[in-house]
Structures are given as structure tokens and as C-alpha cells.
file data_2.txt (compact mmCIF, C-alpha atoms)
# COMPACT_ATOMS: atom_id res chain seq x y z
CA MET A 166 99.57 92.63 127.34
CA GLU A 167 102.29 91.39 129.68
CA PHE A 168 103.15 87.67 129.84
CA ASN A 169 106.02 85.22 130.14
CA LYS A 170 106.86 84.33 126.55
CA TYR A 171 108.24 80.90 127.42
CA ARG A 172 105.09 80.05 129.37
CA VAL A 173 102.98 81.07 126.36
CA ALA A 174 105.23 79.12 123.99
CA LEU A 175 104.89 75.98 126.08
CA ASP A 176 101.11 76.25 126.00
CA LEU A 177 101.14 76.82 122.23
CA SER A 178 103.04 73.56 121.80
CA GLN A 179 99.81 71.74 122.70
CA GLU A 180 97.55 70.77 119.79
CA GLY A 181 94.46 72.94 119.45
CA VAL A 182 95.76 75.85 121.55
CA GLY A 183 95.67 79.15 119.70
CA ARG A 184 95.73 82.90 120.14
CA LYS A 185 92.23 83.21 121.62
CA ALA A 186 92.86 80.61 124.35
CA ILE A 187 96.20 82.21 125.24
CA ILE A 188 94.69 85.70 125.54
CA GLU A 189 92.02 84.34 127.89
CA LYS A 190 94.75 82.84 130.09
CA ILE A 191 96.73 86.09 130.01
CA LEU A 192 93.67 88.03 131.12
CA ASN A 193 93.15 85.48 133.90
CA GLY A 194 96.71 86.07 135.07
CA SER A 195 97.99 82.54 134.41
CA MET A 196 100.73 83.32 131.88
CA PHE A 197 103.42 84.70 134.20
CA SER A 198 104.89 81.61 135.91
CA TYR A 199 108.46 80.46 135.27
CA ASN A 200 108.69 76.98 136.78
CA ASP A 201 111.07 74.08 136.07
CA GLU A 202 109.00 72.88 133.12
CA VAL A 203 109.12 76.29 131.48
CA ARG A 204 112.84 76.63 132.21
CA GLU A 205 113.60 73.26 130.63
CA TYR A 206 111.53 74.19 127.60
CA SER A 207 113.39 77.49 127.14
CA GLU A 208 116.74 75.69 127.35
CA GLN A 209 115.60 73.18 124.75
CA LEU A 210 114.69 75.98 122.34
CA LYS A 211 118.11 77.60 122.78
CA LYS A 212 119.84 74.30 121.97
CA GLU A 213 117.86 74.12 118.75
CA SER A 214 118.67 77.76 117.87
CA ILE A 215 115.01 78.77 118.04
CA TYR A 216 114.41 82.22 119.48
CA ILE A 217 111.06 83.48 120.75
CA LEU A 218 110.26 87.09 119.98
CA SER A 219 107.44 88.52 122.06
CA SER A 220 105.11 91.23 120.77
CA ASN A 221 106.21 93.22 123.83
CA GLU A 222 109.83 93.40 122.65
CA LYS A 223 111.42 96.20 120.60
CA GLU A 224 112.64 93.79 117.90
CA TYR A 225 109.06 92.82 117.06
CA PRO A 226 108.15 94.31 113.64
CA ALA A 227 106.24 97.54 114.14
CA SER A 228 104.23 97.01 110.93
CA LEU A 229 102.98 93.64 112.16
CA LYS A 230 101.94 95.15 115.49
CA GLU A 231 99.61 97.47 113.54
CA ILE A 232 97.17 94.65 112.68
CA SER A 233 94.47 93.85 115.21
CA ASP A 234 95.19 90.12 115.54
CA TYR A 235 98.99 90.25 115.49
CA PRO A 236 100.79 87.10 116.74
CA LEU A 237 101.66 87.28 120.42
CA LEU A 238 104.88 85.40 119.68
CA LEU A 239 107.10 84.87 116.68
CA PHE A 240 109.30 81.79 116.68
CA CYS A 241 112.51 82.66 114.86
CA LYS A 242 115.26 80.59 113.31
CA GLY A 243 118.08 82.52 111.64
CA LYS A 244 119.00 86.20 111.43
CA ARG A 245 116.53 88.22 113.49
CA GLU A 246 118.22 91.45 112.43
CA LEU A 247 116.40 91.12 109.10
CA LEU A 248 113.24 92.21 110.91
CA SER A 249 114.65 95.74 111.10
CA LYS A 250 114.84 96.03 107.30
CA LYS A 251 112.22 97.31 104.90
CA MET A 252 110.24 94.29 103.71
CA ILE A 253 108.29 93.29 100.64
CA THR A 254 106.08 90.21 100.44
CA VAL A 255 106.07 88.24 97.18
CA VAL A 256 103.61 85.36 96.81
CA GLY A 257 101.93 83.33 94.09
CA THR A 258 100.46 80.07 92.91
CA ARG A 259 101.76 76.62 93.76
CA ASN A 260 101.21 75.72 90.09
CA MET A 261 104.00 77.90 88.76
CA SER A 262 104.32 78.27 85.00
CA SER A 263 107.51 78.97 83.05
CA TYR A 264 106.31 82.58 82.79
CA GLY A 265 105.90 82.78 86.55
CA LYS A 266 109.36 81.33 87.12
CA TRP A 267 110.92 83.79 84.69
CA SER A 268 109.01 86.66 86.31
CA VAL A 269 110.33 85.93 89.81
CA LYS A 270 113.93 86.33 88.66
CA TYR A 271 113.12 89.33 86.47
CA ILE A 272 111.36 91.17 89.30
CA LEU A 273 113.70 90.34 92.17
CA LYS A 274 117.00 91.09 90.44
CA VAL A 275 116.49 94.82 90.99
CA LEU A 276 116.54 94.31 94.79
CA LYS A 277 120.04 92.79 94.74
CA GLY A 278 122.35 94.97 96.83
CA THR A 279 119.51 96.98 98.41
CA ASP A 280 118.48 97.02 102.07
CA VAL A 281 115.13 95.35 101.36
CA ALA A 282 114.25 91.88 102.69
CA VAL A 283 111.91 89.71 100.60
CA VAL A 284 109.21 87.77 102.46
CA SER A 285 107.33 84.72 101.22
CA GLY A 286 105.61 81.57 102.51
CA LEU A 287 107.95 78.68 101.52
CA ALA A 288 105.09 76.87 99.79
CA ASN A 289 105.66 74.98 96.55
CA GLY A 290 105.68 76.99 93.34
CA ILE A 291 106.18 80.75 93.33
CA ASP A 292 106.92 81.07 97.08
CA CYS A 293 109.79 78.59 97.02
CA GLU A 294 111.13 80.09 93.80
CA VAL A 295 111.14 83.53 95.46
CA HIS A 296 113.29 82.22 98.31
CA ARG A 297 115.54 80.28 95.95
CA ILE A 298 116.25 83.31 93.76
CA CYS A 299 116.87 85.47 96.83
CA LEU A 300 119.44 82.96 98.07
CA GLU A 301 121.04 82.88 94.61
CA PHE A 302 121.26 86.69 94.42
CA GLY A 303 122.20 87.23 98.06
CA ILE A 304 118.97 89.11 98.76
CA PRO A 305 117.86 88.89 102.43
CA THR A 306 114.83 86.61 102.62
CA ILE A 307 112.30 85.76 105.33
CA ALA A 308 110.12 82.63 105.18
CA VAL A 309 106.84 82.74 107.11
CA VAL A 310 105.59 79.18 107.58
CA ALA A 311 102.21 77.85 108.64
CA GLY A 312 102.11 75.40 111.53
CA GLY A 313 105.09 74.72 113.76
CA ILE A 314 108.39 76.31 112.80
CA ASP A 315 109.73 72.84 111.96
CA LYS A 316 106.65 71.52 110.13
CA GLY A 317 104.89 74.33 108.29
CA TYR A 318 106.31 73.73 104.82
CA PRO A 319 106.49 70.89 102.28
CA ARG A 320 109.29 68.43 102.97
CA SER A 321 110.37 68.86 99.35
CA ASN A 322 111.50 72.36 100.35
CA GLN A 323 113.64 71.18 103.27
CA TYR A 324 116.88 72.22 101.58
CA VAL A 325 115.53 75.76 101.08
CA TYR A 326 114.37 75.87 104.71
CA ASP A 327 117.85 74.82 105.86
CA GLU A 328 119.55 77.50 103.75
CA ILE A 329 117.17 80.23 104.91
CA SER A 330 117.79 79.17 108.53
CA LYS A 331 121.50 79.84 107.95
CA ARG A 332 121.43 82.85 105.65
CA GLY A 333 117.99 84.39 106.19
CA LEU A 334 115.18 84.03 108.70
CA VAL A 335 112.33 81.56 109.23
CA LEU A 336 109.27 82.76 111.18
CA SER A 337 106.20 81.04 112.59
CA GLU A 338 103.66 81.86 115.28
CA PHE A 339 103.68 78.23 116.40
CA PRO A 340 106.47 76.32 118.16
CA LYS A 341 108.28 73.21 117.07
CA GLY A 342 106.07 70.15 116.91
CA ARG A 343 102.71 71.77 116.09
CA LYS A 344 101.10 69.87 113.23
CA ILE A 345 99.90 71.96 110.36
CA THR A 346 96.13 72.26 109.91
CA LYS A 347 94.08 73.90 107.16
CA GLY A 348 93.18 76.92 109.29
CA MET A 349 96.83 77.80 109.82
CA PHE A 350 97.30 78.92 106.20
CA PRO A 351 95.10 82.05 106.43
CA MET A 352 96.75 82.75 109.79
CA ARG A 353 100.12 82.62 108.03
CA ASN A 354 98.75 84.86 105.26
CA ARG A 355 97.92 87.66 107.68
CA ILE A 356 101.57 87.71 108.78
CA LEU A 357 102.73 87.79 105.17
CA ALA A 358 100.41 90.74 104.50
CA GLY A 359 101.01 92.61 107.76
CA ILE A 360 104.78 92.43 108.03
CA SER A 361 105.53 94.28 104.77
CA SER A 362 104.58 97.65 103.37
CA ALA A 363 103.81 96.10 99.97
CA THR A 364 102.65 92.75 98.62
CA VAL A 365 103.40 91.45 95.12
CA VAL A 366 101.28 88.67 93.59
CA ILE A 367 102.83 86.62 90.79
CA GLU A 368 100.30 84.28 89.16
CA SER A 369 97.11 83.33 90.97
CA ASP A 370 93.75 81.94 90.01
CA ILE A 371 90.66 83.82 91.13
CA ARG A 372 90.36 81.72 94.30
CA GLY A 373 94.07 81.42 95.05
CA GLY A 374 95.47 81.72 98.57
CA SER A 375 97.70 84.50 97.28
CA LEU A 376 94.62 86.66 96.82
CA ILE A 377 93.72 86.07 100.46
CA THR A 378 97.09 87.62 101.29
CA ALA A 379 96.33 90.48 98.88
CA ASP A 380 92.89 91.02 100.47
CA LEU A 381 94.51 91.24 103.89
CA ALA A 382 97.21 93.60 102.61
CA LEU A 383 94.47 95.83 101.22
CA GLU A 384 92.65 95.73 104.56
CA TYR A 385 95.89 96.73 106.32
CA GLY A 386 96.45 99.66 103.97
CA ARG A 387 99.47 98.18 102.21
CA GLU A 388 100.48 98.70 98.60
CA ILE A 389 99.55 95.87 96.22
CA PHE A 390 101.34 95.03 92.98
CA CYS A 391 100.12 92.31 90.60
CA LEU A 392 101.90 90.84 87.63
CA PRO A 393 99.71 91.02 84.50
CA CYS A 394 99.12 87.55 83.09
CA ASN A 395 97.91 85.90 79.89
CA ILE A 396 94.16 86.25 79.40
CA ASN A 397 94.04 82.76 77.84
CA LYS A 398 95.21 81.08 81.04
CA TYR A 399 92.40 80.71 83.61
CA SER A 400 94.80 79.77 86.41
CA SER A 401 96.42 83.23 86.20
CA GLN A 402 93.31 85.42 86.05
CA GLY A 403 93.46 86.33 89.76
CA CYS A 404 96.18 88.90 89.10
CA ASN A 405 94.32 90.48 86.18
CA MET A 406 91.14 90.59 88.24
CA TYR A 407 92.96 92.34 91.09
CA ILE A 408 94.47 94.87 88.69
CA SER A 409 90.96 95.69 87.49
CA LYS A 410 90.06 96.38 91.14
CA GLY A 411 92.87 98.91 91.54
CA ALA A 412 96.09 96.98 92.26
CA THR A 413 99.17 98.44 90.58
CA PRO A 414 100.18 96.42 87.49
CA LEU A 415 103.81 95.40 87.87
CA TYR A 416 105.42 95.56 84.45
CA ASP A 417 108.91 96.78 85.40
CA PRO A 418 110.98 95.86 88.49
CA ILE A 419 112.12 99.49 88.72
CA GLN A 420 108.64 100.18 90.11
CA LEU A 421 109.57 98.27 93.26
CA LEU A 422 112.87 100.06 93.58
CA LYS A 423 111.17 103.44 93.31
CA PHE A 424 108.54 102.42 95.86
CA TYR A 425 111.16 101.34 98.39
CA ASN A 426 113.40 104.33 97.77
CA ASN A 427 110.40 106.47 98.75
CA GLU A 428 109.80 104.23 101.78
CA LEU A 429 113.41 104.49 102.93
CA TYR A 430 113.42 108.26 102.91
CA THR A 431 109.98 109.02 104.37
call {"tool": "encode", "arguments": {"input": "data_2.txt", "output": "C-alpha cells"}}
result
Amino acid sequence: MEFNKYRVALDLSQEGVGRKAIIEKILNGSMFSYNDEVREYSEQLKKESIYILSSNEKEYPASLKEISDYPLLLFCKGKRELLSKKMITVVGTRNMSSYGKWSVKYILKVLKGTDVAVVSGLANGIDCEVHRICLEFGIPTIAVVAGGIDKGYPRSNQYVYDEISKRGLVLSEFPKGRKITKGMFPMRNRILAGISSATVVIESDIRGGSLITADLALEYGREIFCLPCNINKYSSQGCNMYISKGATPLYDPIQLLKFYNNELYT
């Protein structure tokens, strides 16, 4: 579909406007204009170092374009060149345990110095710890936020957001100013699942949002790794349940390295 990305972005800045409404306007031929309002909006985005990546552009991640409801636009803040790397998504519970925290560092350390970018959702708990460890180890990291690119994360994680904006990449399918709503979290999850060739789940209860990401990754034909967890902790049984359904149990970080070495040379 052809459209003016700044025109689409301006429409998406309005509350309640989503992908379906935009597609209808594109099909009606009303998403091509480039008037003064659109021009001013595009200049404002440039001043704030926010770049719009259209699904029609070569930089747009090919893996994400494979899903049926891919975002028409990605709002980017940081190093867009990370989108050309191999990516792995690592997600987990907001109620991170000491075991979960230890596991993040144990698993990610093997990716230090590789050409793999680690993707997560900048939520509290495991997601934020994933980004924090990546920044500590110098591993390229991409944060996919729900809601507007300036609002789709807890304010307690502002310092991590700021560091990723400088040293990594922040992505959202909504522009600055869009308030976060409940329905935006599963929308964010489909990006987390679709952008990478594998998803790792570290700690999740059986109804956790991380398993929604895993379900989507399975639907998209991606590899799924789950960290085995204590059977005496109900809040972690989502991973064990998913392993019983066929996910690969992740017991050694070398497994990820082997997976991505195969990916890099196929």
C-alpha cells in the first residue's frame, strides 16, 4: 500500500485512530496529501529526533513484514541500523524473582560481542532487566513500547529509555502523545514476536502477557525458548507449561549462540 507516512503519522496522533481506520483512508485515497500541517508535523518530529519508518521502505524489518497485521509505520528513536541485525526477543514477568534476575544476566552474557540485537518491551521486571543488562554488556538492544513512543513505558524506567534512545533503539507504532490503553499491549506483543526469529520467555505465570508473545511467535513460525522454573512457584509455571507443549527448554546460553550462528549462515 502506498501512502504519505507523515500524513499517516499525523492521523495516528489522534486518540482512537488505529491501523484499521488508516487502511480505510488509504484505500479511499486520502493518505497522500502533504500540506502545511503535515510539513510542520514532520519538522517537529525531526527536531525531537523521532524518525518514521514506513512499511514501504527497505529499512523496515523483513521479518515483521511477514505477519499479516504488520504496523504500517514504526516510530524510531535511536540507532535504526540495529534493524538490520539478527534479533532475539526476550520477555518475562513484571514480578521478577531473584532467580529471574540472575537468569537474565546468565543467558545474555553469551551474546556479548556478537552481531545479535536483543529486543524487549521496557516493562517493569524482566523486560527492563533485559535492557539494563544489554546496556551494561554493550549488547545492542531494541525496546518496543506500547502506546506513543514517549509514553508507552513506566516512568520508573525513564532512565533506561533515555539510555536506549542514545545507545540502542526505541520503537513504537504510535507517535508521540498517544496515551497508552489496555489494547495496545497485545499490539506491542505482536511486534515483539514478529520482529525476531526467536523468542525467549523468562518467568511467566500461566496467564502472563509473555505467553501472549510466545503464542504469537508460535503462530508466526518462530523458535520459542523457555527457561525452566521451580515447580513450587505458581507465578513461574507458564514457562514449564509451554515447555510441555513443545517449547525448547533453555538451560544453557550456548543454545542461543548455536541457534544464531545457524541463522547467520543460512
call {"tool": "closest_residue", "arguments": {"input": "data_2.txt", "among": "A:Glu202, A:Glu328, A:Asp234, A:Glu368", "to": "Asp292 (chain A)", "atoms": "only C-alpha atoms"}}
result
A:Glu368
call {"tool": "residues_around", "arguments": {"input": "data_2.txt", "residues": "Asp327 (chain A)", "least_positions_apart": "2", "cutoff": "12 Å", "atoms": "all atoms listed in the file", "output": "list in words"}}
result
Lys242, Gly243, Leu287, His296, Arg297, Leu300, Ala308, Ile314, Asp315, Tyr318, Arg320, Ser321, Asn322, Gln323, Tyr324, Val325, Ile329, Ser330, Lys331, Arg332, Gly333, Leu334 and Val335 of chain A
call {"tool": "residues_around", "arguments": {"input": "data_2.txt", "residues": "Glu213 (chain A)", "least_positions_apart": "4", "cutoff": "10 Å", "atoms": "only C-alpha atoms", "output": "number ranges by chain"}}
result
A: 208-209, 242, 341
call {"tool": "closest_residue", "arguments": {"input": "data_2.txt", "among": "A:Met261, A:Ala363, A:Ala382, A:Ile191", "to": "Tyr425 (chain A)", "atoms": "all atoms listed in the file"}}
result
A:Ala363
call {"tool": "residues_around", "arguments": {"input": "data_2.txt", "residues": "Lys347 (chain A)", "least_positions_apart": "6", "cutoff": "12 Å", "atoms": "only C-alpha atoms", "output": "PDB file with C-alpha atoms, keeping the file's coordinate frame"}}
result
ATOM      1  CA  ALA A 311     102.210  77.850 108.640  1.00  0.00           C
ATOM      2  CA  GLY A 312     102.110  75.400 111.530  1.00  0.00           C
ATOM      3  CA  GLY A 317     104.890  74.330 108.290  1.00  0.00           C
ATOM      4  CA  ARG A 353     100.120  82.620 108.030  1.00  0.00           C
ATOM      5  CA  GLY A 374      95.470  81.720  98.570  1.00  0.00           C
TER       6      GLY A 374
END
call {"tool": "residues_near_point", "arguments": {"input": "data_2.txt", "point": "(98.7, 96.8, 88.8)", "cutoff": "9 Å", "atoms": "only C-alpha atoms", "output": "list in words"}}
result
Ile389, Phe390, Cys391, Leu392, Pro393, Cys404, Asn405, Tyr407, Ile408, Ser409, Lys410, Gly411, Ala412, Thr413, Pro414, Leu415 and Tyr416 of chain A
call {"tool": "residues_around", "arguments": {"input": "data_2.txt", "residues": "region 192-195 of chain A", "least_positions_apart": "5", "cutoff": "9 Å", "atoms": "only C-alpha atoms", "output": "MDAnalysis selection string"}}
result
chainID A and resid 166 168 187
call {"tool": "closest_residue", "arguments": {"input": "data_2.txt", "among": "A:Cys293, A:Asp380, A:Tyr171, A:Lys250", "to": "Glu205 (chain A)", "atoms": "only C-alpha atoms"}}
result
A:Tyr171
call {"tool": "atom_distance", "arguments": {"input": "data_2.txt", "atom1": "CA of Ser178 (chain A)", "atom2": "CA of Val284 (chain A)"}}
result
24.8 Å
call {"tool": "residues_around", "arguments": {"input": "data_2.txt", "residues": "Ser369 (chain A)", "least_positions_apart": "2", "cutoff": "9 Å", "atoms": "only C-alpha atoms", "output": "list in words"}}
result
Val256, Gly257, Thr258, Arg259, Asn260, Val366, Ile367, Ile371, Arg372, Gly373, Gly374, Ser375, Leu376, Ser400, Ser401, Gln402, Gly403 and Cys404 of chain A
call {"tool": "atom_distance", "arguments": {"input": "data_2.txt", "atom1": "CA of Pro305 (chain A)", "atom2": "CA of Leu177 (chain A)"}}
result
28.6 Å
call {"tool": "residues_near_point", "arguments": {"input": "data_2.txt", "point": "(109.6, 98.2, 91.2)", "cutoff": "10 Å", "atoms": "all atoms listed in the file", "output": "ChimeraX atom specification"}}
result
/A:272-273,275-276,365,390,415-426
call {"tool": "atom_distance", "arguments": {"input": "data_2.txt", "atom1": "CA of Leu248 (chain A)", "atom2": "CA of Tyr199 (chain A)"}}
result
27.5 Å
call {"tool": "closest_residue", "arguments": {"input": "data_2.txt", "among": "A:Gly313, A:Pro351, A:Pro340, A:Gly386", "to": "Ser207 (chain A)", "atoms": "all atoms listed in the file"}}
result
A:Pro340
call {"tool": "closest_residue", "arguments": {"input": "data_2.txt", "among": "A:Ser262, A:Ser337, A:Ser228, A:Thr306", "to": "Gly359 (chain A)", "atoms": "only C-alpha atoms"}}
result
A:Ser228
